[in-house]
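Quick look at entry.pdb (PDB, C-alpha atoms and all ligand atoms):
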```
MODEL        1
ATOM      1  CA  MET A   1     -19.385  19.136  -2.140  1.00  0.00           C
ATOM      2  CA  ASN A   2     -17.910  16.372   0.008  1.00  0.00           C
ATOM      3  CA  PRO A   3     -14.492  15.182  -1.042  1.00  0.00           C
ATOM      4  CA  LEU A   4     -14.578  12.014  -3.173  1.00  0.00           C
ATOM      5  CA  VAL A   5     -12.703   9.124  -1.576  1.00  0.00           C
ATOM      6  CA  ILE A   6     -11.806   6.031  -3.585  1.00  0.00           C
ATOM      7  CA  THR A   7     -10.051   3.164  -1.822  1.00  0.00           C
ATOM      8  CA  ILE A   8      -8.062   0.463  -3.579  1.00  0.00           C
ATOM      9  CA  ASP A   9      -6.959  -2.413  -1.362  1.00  0.00           C
ATOM     10  CA  GLY A  10      -5.594  -5.845  -2.099  1.00  0.00           C
ATOM     11  CA  PRO A  11      -2.653  -8.210  -1.710  1.00  0.00           C
ATOM     12  CA  ALA A  12       0.909  -7.539  -2.878  1.00  0.00           C
ATOM     13  CA  ALA A  13       1.447  -6.891  -6.599  1.00  0.00           C
ATOM     14  CA  ALA A  14      -2.240  -7.067  -7.535  1.00  0.00           C
ATOM     15  CA  GLY A  15      -1.860  -3.894  -9.618  1.00  0.00           C
ATOM     16  CA  LYS A  16      -2.886  -1.378  -6.952  1.00  0.00           C
ATOM     17  CA  SER A  17      -0.198   1.281  -7.414  1.00  0.00           C
ATOM     18  CA  THR A  18      -0.308   1.597 -11.186  1.00  0.00           C
ATOM     19  CA  THR A  19      -4.090   1.626 -11.179  1.00  0.00           C
ATOM     20  CA  ALA A  20      -4.510   3.984  -8.211  1.00  0.00           C
ATOM     21  CA  ARG A  21      -2.007   6.485  -9.586  1.00  0.00           C
ATOM     22  CA  ALA A  22      -3.650   6.504 -13.026  1.00  0.00           C
ATOM     23  CA  VAL A  23      -7.148   6.906 -11.540  1.00  0.00           C
ATOM     24  CA  ALA A  24      -5.904   9.753  -9.302  1.00  0.00           C
ATOM     25  CA  GLN A  25      -4.359  11.451 -12.322  1.00  0.00           C
ATOM     26  CA  TYR A  26      -7.520  11.005 -14.416  1.00  0.00           C
ATOM     27  CA  LEU A  27      -9.792  12.391 -11.706  1.00  0.00           C
ATOM     28  CA  GLY A  28      -7.365  15.078 -10.514  1.00  0.00           C
ATOM     29  CA  CYS A  29      -7.313  13.614  -6.973  1.00  0.00           C
ATOM     30  CA  LEU A  30      -4.545  13.197  -4.450  1.00  0.00           C
ATOM     31  CA  TYR A  31      -2.856   9.777  -4.583  1.00  0.00           C
ATOM     32  CA  LEU A  32      -2.184   8.267  -1.148  1.00  0.00           C
ATOM     33  CA  ASP A  33       0.233   5.317  -1.208  1.00  0.00           C
ATOM     34  CA  SER A  34      -0.155   4.033   2.355  1.00  0.00           C
ATOM     35  CA  GLY A  35       2.114   1.044   1.663  1.00  0.00           C
ATOM     36  CA  ALA A  36       4.972   3.437   0.907  1.00  0.00           C
ATOM     37  CA  MET A  37       4.586   4.810   4.446  1.00  0.00           C
ATOM     38  CA  TYR A  38       4.912   1.348   6.034  1.00  0.00           C
ATOM     39  CA  ARG A  39       7.872   0.742   3.728  1.00  0.00           C
ATOM     40  CA  ALA A  40       9.522   4.000   4.879  1.00  0.00           C
ATOM     41  CA  PHE A  41       9.135   3.019   8.523  1.00  0.00           C
ATOM     42  CA  GLY A  42      10.334  -0.536   7.757  1.00  0.00           C
ATOM     43  CA  LEU A  43      13.425   0.953   6.114  1.00  0.00           C
ATOM     44  CA  LYS A  44      14.050   3.157   9.145  1.00  0.00           C
ATOM     45  CA  VAL A  45      13.859   0.193  11.540  1.00  0.00           C
ATOM     46  CA  ASP A  46      16.107  -1.843   9.238  1.00  0.00           C
ATOM     47  CA  ARG A  47      18.700   0.935   9.134  1.00  0.00           C
ATOM     48  CA  LEU A  48      18.629   1.427  12.885  1.00  0.00           C
ATOM     49  CA  GLY A  49      18.921  -2.198  13.936  1.00  0.00           C
ATOM     50  CA  GLY A  50      17.661  -4.682  11.378  1.00  0.00           C
ATOM     51  CA  PRO A  51      14.925  -7.286  11.944  1.00  0.00           C
ATOM     52  CA  SER A  52      16.122  -8.041  15.510  1.00  0.00           C
ATOM     53  CA  LEU A  53      15.107  -4.525  16.547  1.00  0.00           C
ATOM     54  CA  LEU A  54      11.503  -5.700  16.114  1.00  0.00           C
ATOM     55  CA  ASP A  55      11.900  -7.764  19.279  1.00  0.00           C
ATOM     56  CA  ASP A  56      12.186  -4.512  21.242  1.00  0.00           C
ATOM     57  CA  ARG A  57       8.551  -3.507  20.974  1.00  0.00           C
ATOM     58  CA  ALA A  58       8.834  -0.514  23.316  1.00  0.00           C
ATOM     59  CA  ARG A  59      11.677   0.943  21.243  1.00  0.00           C
ATOM     60  CA  VAL A  60       9.824   0.407  17.962  1.00  0.00           C
ATOM     61  CA  ALA A  61       6.700   2.004  19.421  1.00  0.00           C
ATOM     62  CA  ALA A  62       8.724   5.026  20.594  1.00  0.00           C
ATOM     63  CA  LEU A  63      10.400   5.246  17.188  1.00  0.00           C
ATOM     64  CA  ALA A  64       7.016   5.199  15.469  1.00  0.00           C
ATOM     65  CA  ARG A  65       5.750   8.040  17.640  1.00  0.00           C
ATOM     66  CA  ASP A  66       8.854  10.071  16.727  1.00  0.00           C
ATOM     67  CA  THR A  67       8.657   9.402  13.002  1.00  0.00           C
ATOM     68  CA  THR A  68       7.247  11.772  10.430  1.00  0.00           C
ATOM     69  CA  ILE A  69       6.369  10.428   7.001  1.00  0.00           C
ATOM     70  CA  GLY A  70       4.711  12.449   4.292  1.00  0.00           C
ATOM     71  CA  PHE A  71       4.687  13.250   0.614  1.00  0.00           C
ATOM     72  CA  THR A  72       5.769  16.185  -1.480  1.00  0.00           C
ATOM     73  CA  GLY A  73       5.423  17.161  -5.127  1.00  0.00           C
ATOM     74  CA  PRO A  74       2.721  16.383  -7.705  1.00  0.00           C
ATOM     75  CA  ARG A  75      -0.628  15.234  -6.263  1.00  0.00           C
ATOM     76  CA  ASP A  76      -0.884  12.181  -8.505  1.00  0.00           C
ATOM     77  CA  HIS A  77       2.796  11.231  -8.276  1.00  0.00           C
ATOM     78  CA  PRO A  78       4.084  12.483  -4.928  1.00  0.00           C
ATOM     79  CA  ALA A  79       7.545  11.742  -3.557  1.00  0.00           C
ATOM     80  CA  LEU A  80       7.897  10.093  -0.158  1.00  0.00           C
ATOM     81  CA  VAL A  81       9.659  11.950   2.656  1.00  0.00           C
ATOM     82  CA  LEU A  82      10.903  10.220   5.833  1.00  0.00           C
ATOM     83  CA  ASP A  83      11.840  12.526   8.718  1.00  0.00           C
ATOM     84  CA  GLY A  84      12.464  15.322   6.242  1.00  0.00           C
ATOM     85  CA  VAL A  85      14.602  13.234   3.871  1.00  0.00           C
ATOM     86  CA  PRO A  86      13.227  12.234   0.430  1.00  0.00           C
ATOM     87  CA  LEU A  87      13.191   8.512  -0.348  1.00  0.00           C
ATOM     88  CA  GLY A  88      13.188   6.751  -3.722  1.00  0.00           C
ATOM     89  CA  ASP A  89      13.373   3.157  -4.904  1.00  0.00           C
ATOM     90  CA  GLU A  90      15.275   2.007  -1.815  1.00  0.00           C
ATOM     91  CA  ILE A  91      11.853   1.266  -0.279  1.00  0.00           C
ATOM     92  CA  ARG A  92      11.012  -1.184  -3.106  1.00  0.00           C
ATOM     93  CA  THR A  93      13.526  -3.953  -2.336  1.00  0.00           C
ATOM     94  CA  PRO A  94      12.292  -7.399  -1.192  1.00  0.00           C
ATOM     95  CA  ARG A  95      14.012  -6.805   2.162  1.00  0.00           C
ATOM     96  CA  VAL A  96      12.100  -3.584   2.775  1.00  0.00           C
ATOM     97  CA  SER A  97       8.841  -5.232   1.592  1.00  0.00           C
ATOM     98  CA  ASP A  98       9.339  -7.841   4.287  1.00  0.00           C
ATOM     99  CA  MET A  99      10.220  -5.261   6.965  1.00  0.00           C
ATOM    100  CA  ALA A 100       7.169  -3.185   5.982  1.00  0.00           C
ATOM    101  CA  SER A 101       4.851  -6.128   6.452  1.00  0.00           C
ATOM    102  CA  ARG A 102       6.461  -6.918   9.840  1.00  0.00           C
ATOM    103  CA  VAL A 103       6.231  -3.384  11.231  1.00  0.00           C
ATOM    104  CA  ALA A 104       2.657  -3.162   9.896  1.00  0.00           C
ATOM    105  CA  ALA A 105       1.533  -5.836  12.364  1.00  0.00           C
ATOM    106  CA  ILE A 106       2.589  -3.681  15.370  1.00  0.00           C
ATOM    107  CA  PRO A 107      -0.380  -1.728  16.793  1.00  0.00           C
ATOM    108  CA  GLU A 108       1.642   1.361  17.813  1.00  0.00           C
ATOM    109  CA  VAL A 109       3.103   1.589  14.314  1.00  0.00           C
ATOM    110  CA  ARG A 110      -0.340   1.339  12.733  1.00  0.00           C
ATOM    111  CA  ALA A 111      -1.687   3.968  15.132  1.00  0.00           C
ATOM    112  CA  ARG A 112       1.018   6.407  14.038  1.00  0.00           C
ATOM    113  CA  MET A 113       0.557   5.661  10.332  1.00  0.00           C
ATOM    114  CA  VAL A 114      -3.223   6.053  10.633  1.00  0.00           C
ATOM    115  CA  ASP A 115      -2.734   9.480  12.293  1.00  0.00           C
ATOM    116  CA  LEU A 116      -0.340  10.574   9.549  1.00  0.00           C
ATOM    117  CA  GLN A 117      -2.650   9.227   6.830  1.00  0.00           C
ATOM    118  CA  ARG A 118      -5.699  10.982   8.298  1.00  0.00           C
ATOM    119  CA  ALA A 119      -3.768  14.264   8.405  1.00  0.00           C
ATOM    120  CA  ILE A 120      -2.736  13.876   4.750  1.00  0.00           C
ATOM    121  CA  ALA A 121      -6.264  12.978   3.696  1.00  0.00           C
ATOM    122  CA  ALA A 122      -8.090  15.716   5.599  1.00  0.00           C
ATOM    123  CA  GLN A 123     -10.880  17.063   3.411  1.00  0.00           C
ATOM    124  CA  GLU A 124      -9.167  16.107   0.143  1.00  0.00           C
ATOM    125  CA  SER A 125     -10.577  14.102  -2.735  1.00  0.00           C
ATOM    126  CA  LEU A 126      -8.241  11.167  -3.011  1.00  0.00           C
ATOM    127  CA  VAL A 127      -7.440   7.704  -4.251  1.00  0.00           C
ATOM    128  CA  ALA A 128      -6.005   5.765  -1.312  1.00  0.00           C
ATOM    129  CA  GLU A 129      -4.179   2.508  -1.843  1.00  0.00           C
ATOM    130  CA  GLY A 130      -3.187  -0.148   0.696  1.00  0.00           C
ATOM    131  CA  ARG A 131      -4.599  -2.959   2.831  1.00  0.00           C
ATOM    132  CA  ASP A 132      -6.997  -1.225   5.228  1.00  0.00           C
ATOM    133  CA  MET A 133      -8.085   1.868   3.313  1.00  0.00           C
ATOM    134  CA  GLY A 134     -11.677   0.694   2.823  1.00  0.00           C
ATOM    135  CA  THR A 135     -12.001  -1.064   6.166  1.00  0.00           C
ATOM    136  CA  VAL A 136     -10.228   1.200   8.696  1.00  0.00           C
ATOM    137  CA  LEU A 137      -9.153   4.542   7.237  1.00  0.00           C
ATOM    138  CA  PHE A 138     -12.107   5.423   5.047  1.00  0.00           C
ATOM    139  CA  PRO A 139     -15.077   3.207   6.000  1.00  0.00           C
ATOM    140  CA  ALA A 140     -17.425   5.790   4.447  1.00  0.00           C
ATOM    141  CA  ALA A 141     -15.549   5.990   1.111  1.00  0.00           C
ATOM    142  CA  ALA A 142     -17.877   6.400  -1.879  1.00  0.00           C
ATOM    143  CA  VAL A 143     -16.005   3.805  -3.900  1.00  0.00           C
ATOM    144  CA  LYS A 144     -14.123   0.784  -2.555  1.00  0.00           C
ATOM    145  CA  VAL A 145     -12.246  -1.568  -4.826  1.00  0.00           C
ATOM    146  CA  PHE A 146     -10.415  -4.735  -3.809  1.00  0.00           C
ATOM    147  CA  LEU A 147      -7.964  -5.915  -6.453  1.00  0.00           C
ATOM    148  CA  VAL A 148      -6.941  -9.562  -6.579  1.00  0.00           C
ATOM    149  CA  ALA A 149      -4.910 -11.669  -9.026  1.00  0.00           C
ATOM    150  CA  SER A 150      -3.482 -15.168  -9.072  1.00  0.00           C
ATOM    151  CA  VAL A 151      -0.255 -15.541  -7.128  1.00  0.00           C
ATOM    152  CA  GLU A 152       1.523 -16.725 -10.317  1.00  0.00           C
ATOM    153  CA  GLU A 153       0.613 -13.534 -12.124  1.00  0.00           C
ATOM    154  CA  ARG A 154       1.445 -11.323  -9.159  1.00  0.00           C
ATOM    155  CA  ALA A 155       4.879 -12.969  -8.835  1.00  0.00           C
ATOM    156  CA  ARG A 156       5.544 -12.439 -12.555  1.00  0.00           C
ATOM    157  CA  ARG A 157       4.567  -8.761 -12.303  1.00  0.00           C
ATOM    158  CA  ARG A 158       6.713  -8.164  -9.234  1.00  0.00           C
ATOM    159  CA  GLN A 159       9.679  -9.982 -10.836  1.00  0.00           C
ATOM    160  CA  LYS A 160       9.373  -7.694 -13.870  1.00  0.00           C
ATOM    161  CA  GLU A 161       9.213  -4.569 -11.690  1.00  0.00           C
ATOM    162  CA  LEU A 162      12.313  -5.644  -9.772  1.00  0.00           C
ATOM    163  CA  ALA A 163      14.164  -6.493 -13.018  1.00  0.00           C
ATOM    164  CA  ALA A 164      13.341  -3.022 -14.381  1.00  0.00           C
ATOM    165  CA  ARG A 165      15.270  -1.642 -11.389  1.00  0.00           C
ATOM    166  CA  GLY A 166      18.211  -3.965 -12.062  1.00  0.00           C
ATOM    167  CA  ASP A 167      17.304  -6.485  -9.349  1.00  0.00           C
ATOM    168  CA  THR A 168      17.134  -9.951 -10.937  1.00  0.00           C
ATOM    169  CA  GLN A 169      15.294 -12.407  -8.685  1.00  0.00           C
ATOM    170  CA  PRO A 170      14.229 -16.024  -9.401  1.00  0.00           C
ATOM    171  CA  LEU A 171      10.456 -16.310  -9.872  1.00  0.00           C
ATOM    172  CA  ALA A 172      10.140 -18.903  -7.107  1.00  0.00           C
ATOM    173  CA  GLU A 173      11.793 -16.526  -4.626  1.00  0.00           C
ATOM    174  CA  VAL A 174       9.571 -13.608  -5.590  1.00  0.00           C
ATOM    175  CA  ARG A 175       6.519 -15.845  -5.258  1.00  0.00           C
ATOM    176  CA  ALA A 176       7.606 -17.116  -1.832  1.00  0.00           C
ATOM    177  CA  GLU A 177       8.151 -13.537  -0.621  1.00  0.00           C
ATOM    178  CA  ILE A 178       4.687 -12.489  -1.819  1.00  0.00           C
ATOM    179  CA  GLU A 179       3.020 -15.518  -0.246  1.00  0.00           C
ATOM    180  CA  ALA A 180       4.741 -15.006   3.102  1.00  0.00           C
ATOM    181  CA  ARG A 181       3.817 -11.320   3.136  1.00  0.00           C
ATOM    182  CA  ASP A 182       0.180 -11.951   2.142  1.00  0.00           C
ATOM    183  CA  ARG A 183      -0.146 -14.553   4.884  1.00  0.00           C
ATOM    184  CA  ARG A 184       1.231 -12.150   7.481  1.00  0.00           C
ATOM    185  CA  ASP A 185      -0.930  -9.257   6.221  1.00  0.00           C
ATOM    186  CA  ARG A 186      -4.068 -11.453   6.243  1.00  0.00           C
ATOM    187  CA  GLU A 187      -3.494 -13.172   9.559  1.00  0.00           C
ATOM    188  CA  ARG A 188      -2.431 -10.271  11.749  1.00  0.00           C
ATOM    189  CA  ASN A 189      -4.793  -9.254  14.554  1.00  0.00           C
ATOM    190  CA  ILE A 190      -4.926  -5.578  13.709  1.00  0.00           C
ATOM    191  CA  ALA A 191      -6.388  -4.250  10.439  1.00  0.00           C
ATOM    192  CA  PRO A 192      -5.889  -7.520   8.540  1.00  0.00           C
ATOM    193  CA  LEU A 193      -6.032  -7.602   4.755  1.00  0.00           C
ATOM    194  CA  VAL A 194      -9.689  -8.289   3.989  1.00  0.00           C
ATOM    195  CA  PRO A 195     -12.113  -6.793   1.473  1.00  0.00           C
ATOM    196  CA  ALA A 196     -14.602  -4.315   2.962  1.00  0.00           C
ATOM    197  CA  ALA A 197     -18.132  -5.758   2.908  1.00  0.00           C
ATOM    198  CA  ASP A 198     -19.122  -3.120   0.356  1.00  0.00           C
ATOM    199  CA  ALA A 199     -16.019  -3.375  -1.854  1.00  0.00           C
ATOM    200  CA  THR A 200     -16.139  -4.253  -5.549  1.00  0.00           C
ATOM    201  CA  VAL A 201     -13.725  -7.152  -6.026  1.00  0.00           C
ATOM    202  CA  VAL A 202     -11.833  -7.015  -9.330  1.00  0.00           C
ATOM    203  CA  ASP A 203      -9.671  -9.944 -10.479  1.00  0.00           C
ATOM    204  CA  THR A 204      -6.881  -8.390 -12.542  1.00  0.00           C
ATOM    205  CA  SER A 205      -5.364 -11.733 -13.670  1.00  0.00           C
ATOM    206  CA  GLY A 206      -5.097 -11.486 -17.450  1.00  0.00           C
ATOM    207  CA  MET A 207      -6.096  -7.801 -17.487  1.00  0.00           C
ATOM    208  CA  THR A 208      -3.940  -5.124 -19.069  1.00  0.00           C
ATOM    209  CA  VAL A 209      -3.172  -2.012 -17.034  1.00  0.00           C
ATOM    210  CA  ASP A 210      -5.702  -0.070 -19.137  1.00  0.00           C
ATOM    211  CA  GLU A 211      -8.375  -2.665 -18.366  1.00  0.00           C
ATOM    212  CA  GLN A 212      -7.632  -2.387 -14.643  1.00  0.00           C
ATOM    213  CA  ILE A 213      -7.979   1.390 -14.789  1.00  0.00           C
ATOM    214  CA  GLN A 214     -11.252   1.054 -16.722  1.00  0.00           C
ATOM    215  CA  ALA A 215     -12.597  -1.432 -14.163  1.00  0.00           C
ATOM    216  CA  VAL A 216     -11.971   1.045 -11.330  1.00  0.00           C
ATOM    217  CA  LEU A 217     -13.429   3.954 -13.309  1.00  0.00           C
ATOM    218  CA  GLU A 218     -16.521   1.823 -13.963  1.00  0.00           C
ATOM    219  CA  ALA A 219     -16.857   1.183 -10.227  1.00  0.00           C
ATOM    220  CA  VAL A 220     -16.591   4.957  -9.701  1.00  0.00           C
ATOM    221  CA  ALA A 221     -19.257   5.634 -12.354  1.00  0.00           C
ATOM    222  CA  THR A 222     -21.597   3.040 -10.818  1.00  0.00           C
ATOM    223  CA  ARG A 223     -21.183   4.213  -7.237  1.00  0.00           C
ATOM    224  CA  VAL A 224     -20.981   7.950  -7.699  1.00  0.00           C
ATOM    225  CA  ARG A 225     -24.200   9.204  -9.198  1.00  0.00           C
ATOM    226  CA  PRO A 226     -24.452  12.858 -10.147  1.00  0.00           C
ATOM    227  CA  GLY A 227     -26.809  14.980  -8.085  1.00  0.00           C
TER
HETATM  228  O1  LIG B   1       1.388  -2.034  -0.759  1.00  0.00           O
HETATM  229  P1  LIG B   1       2.832  -2.354  -0.380  1.00  0.00           P
HETATM  230  O2  LIG B   1       3.307  -3.659  -0.960  1.00  0.00           O
HETATM  231  O3  LIG B   1       3.747  -1.231  -0.707  1.00  0.00           O
HETATM  232  O4  LIG B   1       2.814  -2.513   1.219  1.00  0.00           O
HETATM  233  C1  LIG B   1       3.936  -2.947   1.943  1.00  0.00           C
HETATM  234  C2  LIG B   1       3.489  -3.586   3.255  1.00  0.00           C
HETATM  235  O5  LIG B   1       2.917  -2.597   4.095  1.00  0.00           O
HETATM  236  C3  LIG B   1       2.430  -4.664   3.115  1.00  0.00           C
HETATM  237  O6  LIG B   1       2.981  -5.970   3.001  1.00  0.00           O
HETATM  238  C4  LIG B   1       1.598  -4.526   4.363  1.00  0.00           C
HETATM  239  C5  LIG B   1       1.819  -3.104   4.805  1.00  0.00           C
HETATM  240  N1  LIG B   1       0.640  -2.259   4.586  1.00  0.00           N
HETATM  241  C6  LIG B   1      -0.360  -2.291   5.537  1.00  0.00           C
HETATM  242  O7  LIG B   1      -0.289  -3.072   6.478  1.00  0.00           O
HETATM  243  N2  LIG B   1      -1.415  -1.436   5.440  1.00  0.00           N
HETATM  244  C7  LIG B   1      -1.519  -0.605   4.408  1.00  0.00           C
HETATM  245  N3  LIG B   1      -2.568   0.208   4.335  1.00  0.00           N
HETATM  246  C8  LIG B   1      -0.545  -0.595   3.394  1.00  0.00           C
HETATM  247  C9  LIG B   1       0.528  -1.453   3.504  1.00  0.00           C
ENDMDL
END
```
Show me the file's structure as C-alpha cells.
Ligand code: DC
Amino acid sequence: MNPLVITIDGPAAAGKSTTARAVAQYLGCLYLDSGAMYRAFGLKVDRLGGPSLLDDRARVAALARDTTIGFTGPRDHPALVLDGVPLGDEIRTPRVSDMASRVAAIPEVRARMVDLQRAIAAQESLVAEGRDMGTVLFPAAAVKVFLVASVEERARRRQKELAARGDTQPLAEVRAEIEARDRRDRERNIAPLVPAADATVVDTSGMTVDEQIQAVLEAVATRVRPG
C-alpha cells in the first residue's frame, strides 16, 4: 500500500503542531515538523552572526548547504537535531520565530530544507506540518488541511504557550510578531503561505484541541476511502 500522507499547513499559532502531533500519534504515522527545521537553521544563523548575517546571501546559502537537520526518538514526538546536537525549546523564542521566517524566504535555504524533508519522508506514512507541505513538498498528499484562526485567538494561544515556558510577553507584542511573520510568509516569492487548491480549510477559532483533532480526522475519513 502507498504511504498515507497528510499535510497540515497554515499561519503561525493556528493549532498546527498540537493537532498534527495528535493525529500522527492516533494513526501511528511519522510526525514531520517542518517549521522546527527552519527554526533550527534560523537559530544557527542567529548564533553565528545575528540578523545582519542575512545580508550576506552567499554565506547563508553556503551555510544551508553545510547544515544537517533531522529528528530522533519517537515517531509522533521526535526531538530535533541540528548538526548532530539535540535542540529543545530554544527554537521557540520570538527571536528565533522571526529568524526562521526570514531564512525561510531565501531560496537556497528552502532548497536545502526541502531536500532534508524529502529524505525524512521517503516512503513513510506521515503527518507533515508547515507552510508549503500541501503545495510544494507533497502535492499528491491524500489529505490536505489548512488551519486558520483569527489573529486575536492565535496571539492569545501563542502568549499562553510562551508563558508556560516562563516567557511573559504583552499580548500586543505577540500579536505584532505573528502579523509580521504571516505577512512575510504570505508575501515571499518562493513557496508562499497559501492553501493548496484541494485543501480542506478548517477555522479553529473557538475550537478546543479535541475538536481540531476531530476535524482533521474527519477530513482523513472523507478523503481516504477503504479499498
Ligand atoms: O510553523 P513554525 O511557526 O514553527 O514556523 C516557523 C517559520 O518557518 C515560519 O514563520 C515560516 C517558516 N516555515 C516555512 O517557511 N515553511 C514551512 N514548511 C514551515 C515553516
Could you make a table, as a Markdown table, of the residues of region 74-100 of chain A that have an atom within 9 Å of an atom of region 22-25 of chain A, each with its nearest atom pair and distance in Å to one decimal, counting all atoms listed in the file, in chain and number order?
```
| residue | atom | partner | partner_atom | distance |
| --- | --- | --- | --- | --- |
| A:Arg75 | CA | A:Gln25 | CA | 8.1 |
| A:Asp76 | CA | A:Gln25 | CA | 5.2 |
| A:His77 | CA | A:Gln25 | CA | 8.2 |
```
Do you know which residues are within 8 Å of ligand LIG 1 (chain B) using all atoms listed in the file? Can you write them as a PDB file with C-alpha atoms, in the frame of the given file?
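The new file pocket-v1.pdb reads:
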```pdb
ATOM      1  CA  ASP A   9      -6.959  -2.413  -1.362  1.00  0.00           C
ATOM      2  CA  PRO A  11      -2.653  -8.210  -1.710  1.00  0.00           C
ATOM      3  CA  ALA A  12       0.909  -7.539  -2.878  1.00  0.00           C
ATOM      4  CA  ALA A  13       1.447  -6.891  -6.599  1.00  0.00           C
ATOM      5  CA  LYS A  16      -2.886  -1.378  -6.952  1.00  0.00           C
ATOM      6  CA  SER A  17      -0.198   1.281  -7.414  1.00  0.00           C
ATOM      7  CA  ASP A  33       0.233   5.317  -1.208  1.00  0.00           C
ATOM      8  CA  SER A  34      -0.155   4.033   2.355  1.00  0.00           C
ATOM      9  CA  GLY A  35       2.114   1.044   1.663  1.00  0.00           C
ATOM     10  CA  ALA A  36       4.972   3.437   0.907  1.00  0.00           C
ATOM     11  CA  MET A  37       4.586   4.810   4.446  1.00  0.00           C
ATOM     12  CA  TYR A  38       4.912   1.348   6.034  1.00  0.00           C
ATOM     13  CA  ARG A  39       7.872   0.742   3.728  1.00  0.00           C
ATOM     14  CA  ARG A  92      11.012  -1.184  -3.106  1.00  0.00           C
ATOM     15  CA  SER A  97       8.841  -5.232   1.592  1.00  0.00           C
ATOM     16  CA  ASP A  98       9.339  -7.841   4.287  1.00  0.00           C
ATOM     17  CA  MET A  99      10.220  -5.261   6.965  1.00  0.00           C
ATOM     18  CA  ALA A 100       7.169  -3.185   5.982  1.00  0.00           C
ATOM     19  CA  SER A 101       4.851  -6.128   6.452  1.00  0.00           C
ATOM     20  CA  ARG A 102       6.461  -6.918   9.840  1.00  0.00           C
ATOM     21  CA  VAL A 103       6.231  -3.384  11.231  1.00  0.00           C
ATOM     22  CA  ALA A 104       2.657  -3.162   9.896  1.00  0.00           C
ATOM     23  CA  ALA A 105       1.533  -5.836  12.364  1.00  0.00           C
ATOM     24  CA  ARG A 110      -0.340   1.339  12.733  1.00  0.00           C
ATOM     25  CA  GLU A 129      -4.179   2.508  -1.843  1.00  0.00           C
ATOM     26  CA  GLY A 130      -3.187  -0.148   0.696  1.00  0.00           C
ATOM     27  CA  ARG A 131      -4.599  -2.959   2.831  1.00  0.00           C
ATOM     28  CA  ASP A 132      -6.997  -1.225   5.228  1.00  0.00           C
ATOM     29  CA  MET A 133      -8.085   1.868   3.313  1.00  0.00           C
ATOM     30  CA  ARG A 181       3.817 -11.320   3.136  1.00  0.00           C
ATOM     31  CA  ASP A 182       0.180 -11.951   2.142  1.00  0.00           C
ATOM     32  CA  ARG A 184       1.231 -12.150   7.481  1.00  0.00           C
ATOM     33  CA  ASP A 185      -0.930  -9.257   6.221  1.00  0.00           C
ATOM     34  CA  ALA A 191      -6.388  -4.250  10.439  1.00  0.00           C
ATOM     35  CA  PRO A 192      -5.889  -7.520   8.540  1.00  0.00           C
ATOM     36  CA  LEU A 193      -6.032  -7.602   4.755  1.00  0.00           C
TER      37      LEU A 193
END
```
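Applied to the file shown here, the PyMOL selection byres (((chain A and resi 134) around 10) and not hetatm) selects Val5, Ile6, Thr7, Ile8, Asp9, Ala128, Glu129, Gly130, Arg131, Asp132, Met133, Thr135, Val136, Leu137, Phe138, Pro139, Ala140, Ala141, Ala142, Val143, Lys144, Val145, Phe146, Val194, Pro195, Ala196, Ala197, Asp198 and Ala199 of chain A.
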Within 10 Å of region 49-72 of chain A, which residues of region 99-208 of chain A come that close, and what is the closest atom pair and distance in Å for each? Count only C-alpha atoms and give it as CSV.
```
residue,atom,partner,partner_atom,distance
A:Met99,CA,A:Pro51,CA,7.1
A:Arg102,CA,A:Leu54,CA,8.1
A:Val103,CA,A:Leu54,CA,7.5
A:Ile106,CA,A:Ala61,CA,8.1
A:Pro107,CA,A:Ala61,CA,8.4
A:Glu108,CA,A:Ala61,CA,5.3
A:Val109,CA,A:Ala64,CA,5.4
A:Arg110,CA,A:Ala64,CA,8.7
A:Ala111,CA,A:Ala64,CA,8.8
A:Arg112,CA,A:Arg65,CA,6.2
A:Met113,CA,A:Ile69,CA,8.2
A:Leu116,CA,A:Ile69,CA,7.2
A:Gln117,CA,A:Gly70,CA,8.4
A:Ala119,CA,A:Gly70,CA,9.6
A:Ile120,CA,A:Gly70,CA,7.6
```
Legend entry - Separation of CA of Asp115 (chain A) from CA of Pro78 (chain A) in Å: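 Straight-line distance from CA of Pro78 (chain A) to CA of Asp115 (chain A) works out to 18.8 Å.
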Inset, instruction - Excluding Gly88 (chain A) and residues on its chain fewer than 5 positions from it, collect all residues at most 9 Å away from it, counting only C-alpha atoms, and give them as a list of chain:residue names. - result: A:Ala79, A:Leu80, A:Val81
Inset, instruction - Report as a ChimeraX atom specification the full result of the PyMOL selection byres (((chain A and resi 176) around 12) and not hetatm) when it is applied to this structure. - result: /A:12,94,98,151-152,154-156,158-159,169-175,177-183
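Interatomic distance, CA of Asp167 (chain A) to CA of Val96 (chain A): 13.5 Å.
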Legend entry - For CA of Lys160 (chain A) and CA of Val220 (chain A), the interatomic separation in Å (one decimal):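 Taking CA of Lys160 (chain A) and CA of Val220 (chain A), their separation equals 29.2 Å.
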Where atoms are absent from region 100-104 of chain A, fill them in so it carries N, CA, C and O atoms, then output it as a tab-separated table (two decimals), in the coordinates of the input.
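Written output follows (result15.tsv):
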```
chain	number	residue	atom	x	y	z
A	100	ALA	N	8.41	-3.97	5.96
A	100	ALA	CA	7.17	-3.18	5.98
A	100	ALA	C	6.03	-4.03	6.51
A	100	ALA	O	5.25	-3.60	7.38
A	101	SER	N	5.93	-5.26	6.03
A	101	SER	CA	4.85	-6.13	6.45
A	101	SER	C	5.01	-6.49	7.94
A	101	SER	O	4.02	-6.62	8.66
A	102	ARG	N	6.24	-6.61	8.41
A	102	ARG	CA	6.46	-6.92	9.84
A	102	ARG	C	6.09	-5.74	10.73
A	102	ARG	O	5.40	-5.90	11.73
A	103	VAL	N	6.55	-4.54	10.37
A	103	VAL	CA	6.23	-3.38	11.23
A	103	VAL	C	4.73	-3.09	11.19
A	103	VAL	O	4.15	-2.60	12.17
A	104	ALA	N	4.09	-3.46	10.07
A	104	ALA	CA	2.66	-3.16	9.90
A	104	ALA	C	1.76	-3.99	10.82
A	104	ALA	O	0.58	-3.70	10.96
```
